[in-house]
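Take a look at the structure set out below.
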Amino acid sequence: MASSEITLEAVPSVGEVSPEDWDACANPGRVCNGYGEGTSSLRPGDSLGLLKPAYNPFVSHAFLSAVEKSGSATIRTGWGPRHLVAKADGRVAGVVPCYLKSHSQGEYVFDRGWADAYERAGGRYYPKLQVSVPFTPATGPRLLVRDGVERERITEALASGLVALCGVSKASSVHVTFAREAEWKLLAEHGFLQRTDQQFHWHNDGFTSFDDFLATLNSRHRKSIKRERRDALAAGITIHWLTGKDITEDAWDAFFAFYMETGSRKWGRPYLTREFFSLIGETMSEDVLLVMARRNDRWIAGAINFIGSDTLFGRNWGAVEHHPFLHFEVCYYQAIDFAIKRGLTHVEAGAQGEHKIARGYLPRTTHSAHFIADPGLRRAIDDYLKRERAYVAEAGRELAELGPFRKGIDEAP
């Protein structure tokens, strides 16, 4: 049978692709292996190992449409959509969420040093192409291919298409961030440089309760977590899980106030608009968990999480009252509790934060791939990344040793 003709185009909005076509590529509903990296065994025609998890909320049409329609990720904010679309015989066969950017904000994989060095040498680093989910440091699929097509051929076309789009857009580079490891390796074959970093994730080892998890910790950390959870609620604070229809506009108003207050203190201008939260409330509320803290009949703090097929993704936190350990309770311990009750395998609690180790979140390598058009800049970055990867690997090994888990069977729980 003759191969299908593949065409590529870049579209200026996720709305240019129907939700049905986009989601058929982004979330075709496969059974996952427990960490969002595909099935445990390869399927025919998938020698690259690029099968996707059953469901990742961030690459869904609903989420990406919300960040664009709300004015959060637009040309005005420096995120100009340039989504790459591959068609086979006129039918959408693959897509890549991609943005033409005029800055390096909201990415969580930091390249400002590269930009400064290149511009001091007389180069022009911006615009650049960013393949990612805006403002979301969560690993997920980036080269999205639907079922029933020549998967490896479409994937290769998308990878090559990103390099071509870089030239057409007069961009300095393409950055594929928080990619799956299989995509990271594939992109290296297309001239992308490999970068690693680390986050801190929690793993559900078949626990049936939070106490089951605590029993795996050494006595010092177990006692510390119990004390933190008790002290967090000492001022008469109650914790509430809101999802689906329980998330009202009043709840969004309260959470947005938390988000703005905390975000303004941390980085000056929060990225997400109020409309974003209403939009996800309308289109994907069953994928959202708000963990909200209440005192004296009013909401005082909260964290937003997104629910994947096997992972709870912690995203933003905020508060208008500050109480000892409340942040840990709302963001980390409640997430673990929810994941156990839902049978989820992992909790990803966002970027950075070595303090998460003492609370059961261990180092996990993240992957990004970078195509640099200028040969001189490419050589310099390539040399830097070799040293950085070695450092990240060693740091991960050392940090894992600091974990709170019991080291020997002779230590009583």
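Residue numbering restarts at 1 in every chain; chains get A, B, ... in the order shown in the structure tokens, and ligands count up from 1 in that same order.
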- Task: Mind checking which residues fall within 8 Å of region 181-198 of chain A, counting only C-alpha atoms, ignoring those fewer than 4 positions away in the same chain, and posting them as a list of chain:residue names?
- Result: A:Glu37, A:Leu48, A:Gly49, A:Leu50, A:Pro141, A:Arg142, A:Leu143, A:Ala159, A:Ser160, A:Gln352, A:Pro363, A:Arg364, A:Thr365, A:Thr366, A:His367, A:Ser368, A:Ala369, A:His370, A:Phe371, A:Ile372, A:Asp382, A:Leu385, A:Glu388, A:Arg389, A:Val392, A:Gly396
Write out as an mmCIF file with N, CA and C atoms, in the first residue's frame which residues come within 10 Å of Phe328 (chain A) when counting only C-alpha atoms, dropping same-chain ones fewer than 6 positions away.
```cif
data_model
loop_
_atom_site.group_PDB
_atom_site.id
_atom_site.type_symbol
_atom_site.label_atom_id
_atom_site.label_comp_id
_atom_site.auth_asym_id
_atom_site.auth_seq_id
_atom_site.Cartn_x
_atom_site.Cartn_y
_atom_site.Cartn_z
ATOM 1 N N ILE A 225 5.898 15.030 59.997
ATOM 2 C CA ILE A 225 4.734 15.226 59.132
ATOM 3 C C ILE A 225 3.449 15.243 59.953
ATOM 4 N N GLU A 228 3.292 18.656 61.549
ATOM 5 C CA GLU A 228 2.965 19.703 60.579
ATOM 6 C C GLU A 228 1.482 19.673 60.220
ATOM 7 N N ARG A 229 0.929 18.488 60.009
ATOM 8 C CA ARG A 229 -0.484 18.392 59.641
ATOM 9 C C ARG A 229 -1.370 18.883 60.786
ATOM 10 N N ALA A 232 -0.965 22.771 61.122
ATOM 11 C CA ALA A 232 -1.539 23.511 59.990
ATOM 12 C C ALA A 232 -3.001 23.865 60.220
ATOM 13 N N GLN A 334 -2.417 16.968 51.246
ATOM 14 C CA GLN A 334 -3.751 16.741 50.694
ATOM 15 C C GLN A 334 -3.675 16.104 49.301
ATOM 16 N N ALA A 335 -2.647 16.470 48.527
ATOM 17 C CA ALA A 335 -2.471 15.859 47.202
ATOM 18 C C ALA A 335 -2.190 14.368 47.336
ATOM 19 N N HIS A 355 12.707 21.162 49.547
ATOM 20 C CA HIS A 355 11.997 20.904 50.799
ATOM 21 C C HIS A 355 10.938 19.813 50.647
ATOM 22 N N LYS A 356 10.588 19.473 49.415
ATOM 23 C CA LYS A 356 9.599 18.423 49.192
ATOM 24 C C LYS A 356 10.140 17.041 49.553
ATOM 25 N N ARG A 359 9.106 15.406 52.677
ATOM 26 C CA ARG A 359 7.676 15.120 52.711
ATOM 27 C C ARG A 359 7.305 13.996 51.745
#
```
- Task: Find the residues near region 6-23 of chain A: any atom within 9 Å, counting only C-alpha atoms, skip ones fewer than 4 places away on the same chain, and give them as an MDAnalysis selection string.
- Result: chainID A and resid 27:28 59:62 64:65 68 80:95 97:99 144 146 153:154 157:158 161 165
- List every residue of region 46-292 of chain A that DSSP, applied to the backbone, labels as helix (DSSP H, G or I), and write the result as a ChimeraX atom specification. /A:57-59,61-69,112-120,151-168,181-188,210-214,219-232,244-246,249-267,274-283,285-287
I need the chosen residues saved as a CSV table (one decimal), in the first residue's frame, with C-alpha atoms.
```csv
chain,number,residue,atom,x,y,z
A,57,PRO,CA,-5.2,17.3,30.8
A,58,PHE,CA,-2.6,19.9,29.8
A,59,VAL,CA,-2.4,18.9,26.1
A,61,HIS,CA,-7.9,21.1,23.4
A,62,ALA,CA,-9.9,22.5,26.3
A,63,PHE,CA,-6.8,23.5,28.4
A,64,LEU,CA,-4.9,25.1,25.5
A,65,SER,CA,-8.0,26.8,24.2
A,66,ALA,CA,-8.6,28.3,27.7
A,67,VAL,CA,-5.1,29.8,27.9
A,68,GLU,CA,-5.5,31.3,24.5
A,69,LYS,CA,-9.1,32.5,24.7
A,112,ARG,CA,18.0,33.7,29.8
A,113,GLY,CA,21.7,33.2,30.1
A,114,TRP,CA,21.9,31.9,26.5
A,115,ALA,CA,19.8,34.8,25.3
A,116,ASP,CA,22.0,37.4,27.1
A,117,ALA,CA,25.3,35.8,25.8
A,118,TYR,CA,24.0,35.6,22.2
A,119,GLU,CA,22.8,39.2,22.2
A,120,ARG,CA,26.0,40.5,23.7
A,151,ARG,CA,2.8,6.8,13.7
A,152,GLU,CA,6.6,6.8,13.2
A,153,ARG,CA,6.4,8.6,9.9
A,154,ILE,CA,4.1,11.3,11.2
A,155,THR,CA,6.3,11.7,14.3
A,156,GLU,CA,9.4,12.1,12.1
A,157,ALA,CA,7.5,14.6,10.0
A,158,LEU,CA,6.6,16.7,13.0
A,159,ALA,CA,10.2,16.7,14.3
A,160,SER,CA,11.6,17.8,11.0
A,161,GLY,CA,8.7,20.3,10.7
A,162,LEU,CA,9.8,22.1,13.8
A,163,VAL,CA,13.3,22.7,12.4
A,164,ALA,CA,11.7,23.9,9.1
A,165,LEU,CA,9.3,26.2,11.1
A,166,CYS,CA,12.3,27.7,12.9
A,167,GLY,CA,13.7,28.8,9.6
A,168,VAL,CA,10.4,30.1,8.2
A,181,GLU,CA,12.2,10.8,27.4
A,182,ALA,CA,11.4,8.9,24.2
A,183,GLU,CA,10.6,12.2,22.4
A,184,TRP,CA,13.8,13.7,23.9
A,185,LYS,CA,15.9,10.9,22.3
A,186,LEU,CA,14.1,11.2,19.0
A,187,LEU,CA,14.6,14.9,18.7
A,188,ALA,CA,18.3,14.4,19.4
A,210,PHE,CA,-2.1,8.2,54.3
A,211,ASP,CA,-1.1,6.2,57.4
A,212,ASP,CA,0.1,3.4,55.0
A,213,PHE,CA,2.4,6.0,53.4
A,214,LEU,CA,3.6,7.3,56.8
A,219,SER,CA,10.4,7.8,62.7
A,220,ARG,CA,11.8,11.4,62.6
A,221,HIS,CA,10.1,12.3,59.4
A,222,ARG,CA,6.9,10.5,60.3
A,223,LYS,CA,6.6,12.4,63.5
A,224,SER,CA,7.5,15.7,61.7
A,225,ILE,CA,4.7,15.2,59.1
A,226,LYS,CA,2.1,14.4,61.8
A,227,ARG,CA,3.1,17.5,63.7
A,228,GLU,CA,3.0,19.7,60.6
A,229,ARG,CA,-0.5,18.4,59.6
A,230,ARG,CA,-1.8,19.0,63.2
A,231,ASP,CA,-0.3,22.5,63.5
A,232,ALA,CA,-1.5,23.5,60.0
A,244,GLY,CA,-16.7,19.1,39.1
A,245,LYS,CA,-19.9,21.0,39.8
A,246,ASP,CA,-18.7,21.8,43.3
A,249,GLU,CA,-17.7,31.0,40.4
A,250,ASP,CA,-17.5,32.1,44.0
A,251,ALA,CA,-14.8,29.5,44.6
A,252,TRP,CA,-13.0,30.6,41.5
A,253,ASP,CA,-13.2,34.2,42.7
A,254,ALA,CA,-11.6,33.2,46.0
A,255,PHE,CA,-8.9,31.1,44.4
A,256,PHE,CA,-8.0,33.8,41.9
A,257,ALA,CA,-7.5,36.3,44.8
A,258,PHE,CA,-5.1,33.8,46.4
A,259,TYR,CA,-3.3,33.3,43.1
A,260,MET,CA,-2.9,37.1,42.5
A,261,GLU,CA,-1.8,37.8,46.0
A,262,THR,CA,0.9,35.1,46.1
A,263,GLY,CA,1.9,35.4,42.4
A,264,SER,CA,2.4,39.1,42.7
A,265,ARG,CA,4.8,38.7,45.6
A,266,LYS,CA,6.7,35.9,43.8
A,267,TRP,CA,7.2,37.2,40.3
A,274,ARG,CA,-9.5,35.4,35.8
A,275,GLU,CA,-11.3,34.3,32.6
A,276,PHE,CA,-8.9,31.3,32.3
A,277,PHE,CA,-10.3,29.8,35.5
A,278,SER,CA,-13.9,30.2,34.4
A,279,LEU,CA,-13.2,28.6,31.0
A,280,ILE,CA,-11.6,25.5,32.5
A,281,GLY,CA,-14.5,25.4,35.0
A,282,GLU,CA,-16.9,25.3,32.0
A,283,THR,CA,-15.0,22.8,29.9
A,285,SER,CA,-14.1,20.9,35.8
A,286,GLU,CA,-14.0,17.1,36.3
A,287,ASP,CA,-10.2,17.2,35.6
```
- In terms of the shortest atom-to-atom distance over only C-alpha atoms, which of A:Gly206, A:Gly106, A:Gly236, A:Gly78 is closest to Thr177 (chain A)? A:Gly106
- Message: Just want the 12 Å neighbourhood of region 312-315 of chain A, counted on only C-alpha atoms, with same-chain residues fewer than 4 positions away dropped. Output as a VMD selection string.
- Response: chain A and resid 34 to 36 55 to 58 135 to 140 200 to 204 259 272 287 to 291 302 to 308 330 to 351
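Within region 256-296 of chain A, the backbone-based DSSP assignment of strand (DSSP E or B) covers A:Val288, A:Leu289, A:Leu290, A:Val291, A:Met292, A:Ala293, A:Arg294, A:Arg295.
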- What gap, in Å, lies between CA of Ser132 (chain A) and CA of Val176 (chain A)? 6.2 Å
- With a distance cut-off of 7 Å and only C-alpha atoms, select the neighbouring residues of Arg294 (chain A), excluding the residue or stretch itself and same-chain residues fewer than 5 positions from it, and output the selection as a PyMOL selection string. chain A and resi 237-239+299-300
- Name the residues in contact with Leu129 (chain A) at a cut-off of 8 Å, using only C-alpha atoms, excluding same-chain residues fewer than 3 positions from it; report them as a PyMOL selection string. chain A and resi 98-101+166+171-175
Same residues, N, CA and C atoms, output as a PDB file, in the first residue's frame:
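Resulting contents of part.pdb:
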```
ATOM      1  N   CYS A  98       2.802  24.724  19.939  1.00  0.00           N
ATOM      2  CA  CYS A  98       4.011  25.508  19.699  1.00  0.00           C
ATOM      3  C   CYS A  98       3.677  26.994  19.698  1.00  0.00           C
ATOM      4  N   TYR A  99       4.616  27.802  20.227  1.00  0.00           N
ATOM      5  CA  TYR A  99       4.399  29.249  20.360  1.00  0.00           C
ATOM      6  C   TYR A  99       5.645  29.999  19.912  1.00  0.00           C
ATOM      7  N   LEU A 100       5.424  31.114  19.197  1.00  0.00           N
ATOM      8  CA  LEU A 100       6.508  32.024  18.838  1.00  0.00           C
ATOM      9  C   LEU A 100       6.609  33.056  19.958  1.00  0.00           C
ATOM     10  N   LYS A 101       7.771  33.078  20.632  1.00  0.00           N
ATOM     11  CA  LYS A 101       7.892  33.849  21.868  1.00  0.00           C
ATOM     12  C   LYS A 101       8.868  35.008  21.728  1.00  0.00           C
ATOM     13  N   CYS A 166      11.290  26.747  12.328  1.00  0.00           N
ATOM     14  CA  CYS A 166      12.274  27.668  12.902  1.00  0.00           C
ATOM     15  C   CYS A 166      12.831  28.594  11.821  1.00  0.00           C
ATOM     16  N   ALA A 171      13.223  32.382  13.568  1.00  0.00           N
ATOM     17  CA  ALA A 171      13.472  32.205  14.999  1.00  0.00           C
ATOM     18  C   ALA A 171      14.912  31.742  15.205  1.00  0.00           C
ATOM     19  N   SER A 172      15.441  32.029  16.379  1.00  0.00           N
ATOM     20  CA  SER A 172      16.814  31.611  16.677  1.00  0.00           C
ATOM     21  C   SER A 172      16.887  30.152  17.062  1.00  0.00           C
ATOM     22  N   SER A 173      15.750  29.579  17.518  1.00  0.00           N
ATOM     23  CA  SER A 173      15.835  28.275  18.162  1.00  0.00           C
ATOM     24  C   SER A 173      14.445  27.687  18.361  1.00  0.00           C
ATOM     25  N   VAL A 174      14.424  26.389  18.685  1.00  0.00           N
ATOM     26  CA  VAL A 174      13.196  25.692  19.061  1.00  0.00           C
ATOM     27  C   VAL A 174      13.467  24.986  20.379  1.00  0.00           C
ATOM     28  N   HIS A 175      12.563  25.125  21.336  1.00  0.00           N
ATOM     29  CA  HIS A 175      12.751  24.559  22.673  1.00  0.00           C
ATOM     30  C   HIS A 175      11.547  23.675  23.003  1.00  0.00           C
TER      31      HIS A 175
END
```
- Interatomic distance (Å, one decimal) between CA of Ala358 (chain A) and CA of Ala301 (chain A): 22.5 Å
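Take CA of Asp383 (chain A) and CA of Glu354 (chain A): the distance between them is 26.8 Å.
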